[in-house]
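A.B. asks: The structure's right below; bear with me while I get my questions together.
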Amino acid sequence: ISHFLMSTPSQIRVAIVEDNEDLRQTLEAVLKREKGIECVGAFASGEEALARVPALKPAVVLMDIQLPGITGVECVRQLKPLLPQLQIIMLTVHDHTKSVFESLKAGANGFLLKPVRAQELGRAIHEVHAGGAPMTPNIARQVVQTFQKPVPAPDAAMELSPRERQVLELLAQGLLQKEIAEQLVISYHTVQAYTARIYEKLQVRSRSQAVAKYLGARK
């Protein structure tokens, strides 16, 4: 069942992909109460989402990682080329490292563990729309711990400078570029330059792909 409403320019258009009907309806109800957010569609499967979401052009999708048929990870992998600017938050009952990295490689931008509190959900949507990478604490901790593991001999594409690795680690923790600039006491434009070099060296086009590729090399 899908519900479509008109959105004002200031609203963040959000779609939901969740097979559990009760949870899907709960998420819809939560989004309807959130200021600045408009739920433009709710879908019970990855197949339905792939057929309907591209035409809706949402800014953010809440994606259940375990869907019947096409999995949430595969749905993300197929949606991203169709909507390159789309931000996707994965919803999961497990925080398994493998599924986290598979989702990052597919193009996911954030992770929330179920059950998700209404306040947390609204905050995560605004954060990811602003360029952040919202993650529940234990998932963020996994990312940080992976960065702290000894690095095997890297190939040429993975040779980042100490400052570039520092910037990438902060990006992986969900900080915005302006927040990284403040923390490292450098200019916003300098952070942008570091980020561009990181993308070039890792041969990626997004924050999530950069984090996934770099963390994958450390496993």
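For the structure tokens, the naming scheme is as follows: chains receive sequential letters (A, B, ...) according to their order of presentation, residues are indexed from 1 within each chain, and ligands are indexed from 1 in presentation order.
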Residues near region 73-86 of chain A, anyone? I mean within 7 Å using only C-alpha atoms, not counting same-chain ones fewer than 3 positions away, as a list in words.
C.D. replies: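 Selected residues are Gly46, Leu50, Pro54, Ala59, Val60, Ile65, Ile70, Glu102, Ser103, Ala106, Gly107 and Ala108 of chain A.
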A.B. asks: Grab the residues selected above and save them as a compact mmCIF listing (two decimals), in the first residue's frame with N, CA, C and O atoms.
C.D. replies:
```
# COMPACT_ATOMS: atom_id res chain seq x y z
N GLY A 46 11.34 -4.84 -2.06
CA GLY A 46 12.34 -4.18 -2.88
C GLY A 46 11.87 -4.08 -4.32
O GLY A 46 12.15 -3.08 -5.00
N LEU A 50 11.69 -0.58 -6.36
CA LEU A 50 12.42 -0.33 -7.60
C LEU A 50 11.50 0.13 -8.72
O LEU A 50 11.88 0.92 -9.58
N PRO A 54 11.84 5.51 -8.17
CA PRO A 54 12.50 6.44 -9.09
C PRO A 54 11.60 7.58 -9.57
O PRO A 54 12.05 8.73 -9.67
N ALA A 59 14.23 12.37 -1.47
CA ALA A 59 15.58 12.76 -1.08
C ALA A 59 16.21 11.69 -0.18
O ALA A 59 17.42 11.51 -0.17
N VAL A 60 15.35 11.00 0.58
CA VAL A 60 15.82 10.00 1.55
C VAL A 60 14.92 8.77 1.47
O VAL A 60 13.70 8.89 1.30
N ILE A 65 16.87 -3.76 5.82
CA ILE A 65 17.99 -4.49 5.24
C ILE A 65 17.60 -5.92 4.88
O ILE A 65 18.18 -6.51 3.97
N ILE A 70 14.13 -9.49 -3.28
CA ILE A 70 15.32 -8.64 -3.37
C ILE A 70 15.64 -8.10 -1.98
O ILE A 70 14.79 -7.50 -1.32
N GLU A 102 28.56 -4.38 3.56
CA GLU A 102 27.89 -4.67 2.28
C GLU A 102 26.95 -3.53 1.91
O GLU A 102 26.87 -3.13 0.74
N SER A 103 26.26 -2.98 2.91
CA SER A 103 25.35 -1.87 2.66
C SER A 103 26.11 -0.62 2.25
O SER A 103 25.71 0.11 1.34
N ALA A 106 27.20 -0.86 -1.26
CA ALA A 106 26.07 -0.71 -2.17
C ALA A 106 25.65 0.75 -2.32
O ALA A 106 25.02 1.12 -3.32
N GLY A 107 26.00 1.59 -1.32
CA GLY A 107 25.66 3.00 -1.41
C GLY A 107 24.84 3.55 -0.26
O GLY A 107 24.36 4.68 -0.32
N ALA A 108 24.66 2.77 0.82
CA ALA A 108 23.92 3.26 1.98
C ALA A 108 24.68 4.40 2.65
O ALA A 108 25.91 4.47 2.58
```
A.B. asks: If you count only C-alpha atoms, which residues fall within 12 Å of Lys32 (chain A), apart from same-chain ones fewer than 2 positions away, as a list in words?
C.D. replies: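 Answer for this query is His3, Phe4, Leu5, Ser7, Gln11, Ile12, Arg13, Val14, Ala15, Gln25, Thr26, Leu27, Glu28, Ala29, Val30, Glu34, Lys35, Gly36, Ile37, Glu38, Cys39, Val40, Gly41, Ala118, Leu121 and Gly122 of chain A.
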A.B. asks: If we count only C-alpha atoms, what is near Ile186 (chain A) at a cut-off of 12 Å, once residues fewer than 6 positions away on the same chain are taken out, given as an MDAnalysis selection string?
C.D. replies: chainID A and resid 163 167 177:180 192:194
A.B. asks: Using CA of Val143 (chain A) and CA of Ala49 (chain A) as the two end points, give the distance in Å to one decimal.
C.D. replies: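 Distance reported for this atom pair: 28.4 Å.
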A.B. asks: Distance CA of Gly131 (chain A)-CA of His96 (chain A), one decimal place?
C.D. replies: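 Spanning CA of Gly131 (chain A) to CA of His96 (chain A) is a straight-line distance of 24.2 Å.
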A.B. asks: Would you mind reading off the distance between CA of Arg165 (chain A) and CA of Val185 (chain A), one decimal, in Å?
C.D. replies: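 Separating CA of Arg165 (chain A) from CA of Val185 (chain A) is a distance of 15.9 Å.
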A.B. asks: Name the residues of region 4-218 of chain A that fall into strand (DSSP E) according to DSSP on the backbone, using the chain letters and numbers of this document, as an MDAnalysis selection string.
C.D. replies: chainID A and resid 12:17 37:43 60:64 87:92 110:113
A.B. asks: Can those selected residues be exported to a file as a compact mmCIF listing (two decimals), in the first residue's frame so that it contains N, CA, C and O atoms?
C.D. replies:
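Saved result, out-v4.txt, follows:
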```txt
# COMPACT_ATOMS: atom_id res chain seq x y z
N ILE A 12 11.53 17.56 3.29
CA ILE A 12 12.39 16.47 2.83
C ILE A 12 11.49 15.32 2.41
O ILE A 12 10.73 14.78 3.23
N ARG A 13 11.56 14.94 1.15
CA ARG A 13 10.73 13.85 0.64
C ARG A 13 11.34 12.51 1.05
O ARG A 13 12.50 12.23 0.74
N VAL A 14 10.56 11.68 1.73
CA VAL A 14 11.06 10.41 2.27
C VAL A 14 10.17 9.26 1.81
O VAL A 14 8.94 9.37 1.82
N ALA A 15 10.80 8.16 1.41
CA ALA A 15 10.07 6.93 1.09
C ALA A 15 10.51 5.83 2.04
O ALA A 15 11.64 5.85 2.56
N ILE A 16 9.61 4.90 2.29
CA ILE A 16 9.87 3.79 3.22
C ILE A 16 9.81 2.47 2.47
O ILE A 16 8.90 2.25 1.66
N VAL A 17 10.76 1.58 2.74
CA VAL A 17 10.73 0.22 2.19
C VAL A 17 10.86 -0.72 3.37
O VAL A 17 11.93 -0.90 3.94
N ILE A 37 9.35 17.14 7.04
CA ILE A 37 9.48 15.82 6.40
C ILE A 37 8.14 15.41 5.81
O ILE A 37 7.09 15.59 6.43
N GLU A 38 8.17 14.87 4.61
CA GLU A 38 6.95 14.40 3.95
C GLU A 38 7.15 12.97 3.47
O GLU A 38 8.11 12.67 2.74
N CYS A 39 6.30 12.07 3.90
CA CYS A 39 6.36 10.68 3.43
C CYS A 39 5.64 10.60 2.08
O CYS A 39 4.44 10.83 2.00
N VAL A 40 6.39 10.28 1.02
CA VAL A 40 5.81 10.26 -0.32
C VAL A 40 5.49 8.85 -0.80
O VAL A 40 4.90 8.68 -1.87
N GLY A 41 5.88 7.84 -0.04
CA GLY A 41 5.55 6.48 -0.44
C GLY A 41 6.03 5.47 0.58
O GLY A 41 7.03 5.69 1.26
N ALA A 42 5.29 4.36 0.70
CA ALA A 42 5.67 3.28 1.62
C ALA A 42 5.45 1.96 0.90
O ALA A 42 4.36 1.70 0.39
N PHE A 43 6.48 1.13 0.85
CA PHE A 43 6.46 -0.07 0.03
C PHE A 43 6.86 -1.30 0.84
O PHE A 43 7.69 -1.22 1.74
N VAL A 60 15.35 11.00 0.58
CA VAL A 60 15.82 10.00 1.55
C VAL A 60 14.92 8.77 1.47
O VAL A 60 13.70 8.89 1.30
N VAL A 61 15.53 7.60 1.61
CA VAL A 61 14.77 6.35 1.70
C VAL A 61 15.17 5.63 2.98
O VAL A 61 16.35 5.53 3.31
N LEU A 62 14.17 5.15 3.72
CA LEU A 62 14.39 4.29 4.87
C LEU A 62 14.25 2.86 4.37
O LEU A 62 13.18 2.46 3.90
N MET A 63 15.33 2.08 4.43
CA MET A 63 15.37 0.77 3.78
C MET A 63 15.59 -0.36 4.79
O MET A 63 16.63 -0.40 5.46
N ASP A 64 14.63 -1.27 4.88
CA ASP A 64 14.81 -2.47 5.71
C ASP A 64 15.90 -3.31 5.06
O ASP A 64 15.87 -3.56 3.84
N GLN A 87 19.78 9.64 -0.62
CA GLN A 87 20.40 9.26 0.64
C GLN A 87 19.59 8.11 1.24
O GLN A 87 18.36 8.21 1.33
N ILE A 88 20.27 7.05 1.66
CA ILE A 88 19.57 5.86 2.13
C ILE A 88 20.01 5.49 3.54
O ILE A 88 21.21 5.36 3.82
N ILE A 89 19.04 5.35 4.43
CA ILE A 89 19.29 4.92 5.80
C ILE A 89 18.79 3.49 5.94
O ILE A 89 17.61 3.22 5.69
N MET A 90 19.67 2.58 6.32
CA MET A 90 19.29 1.18 6.49
C MET A 90 18.67 0.98 7.88
O MET A 90 19.17 1.52 8.87
N LEU A 91 17.61 0.20 7.94
CA LEU A 91 16.98 -0.18 9.19
C LEU A 91 17.24 -1.66 9.41
O LEU A 91 16.94 -2.48 8.54
N THR A 92 17.80 -2.02 10.55
CA THR A 92 18.17 -3.41 10.77
C THR A 92 18.01 -3.80 12.24
O THR A 92 18.11 -2.95 13.13
N GLY A 110 23.61 5.59 6.03
CA GLY A 110 23.45 5.57 7.47
C GLY A 110 22.78 4.28 7.92
O GLY A 110 22.25 3.52 7.10
N PHE A 111 22.81 4.03 9.24
CA PHE A 111 22.24 2.81 9.80
C PHE A 111 21.55 3.10 11.12
O PHE A 111 22.09 3.80 11.97
N LEU A 112 20.35 2.54 11.27
CA LEU A 112 19.63 2.65 12.53
C LEU A 112 19.16 1.26 12.93
O LEU A 112 18.68 0.49 12.10
N LEU A 113 19.31 0.95 14.22
CA LEU A 113 18.84 -0.34 14.73
C LEU A 113 17.37 -0.24 15.14
O LEU A 113 16.96 0.73 15.76
```
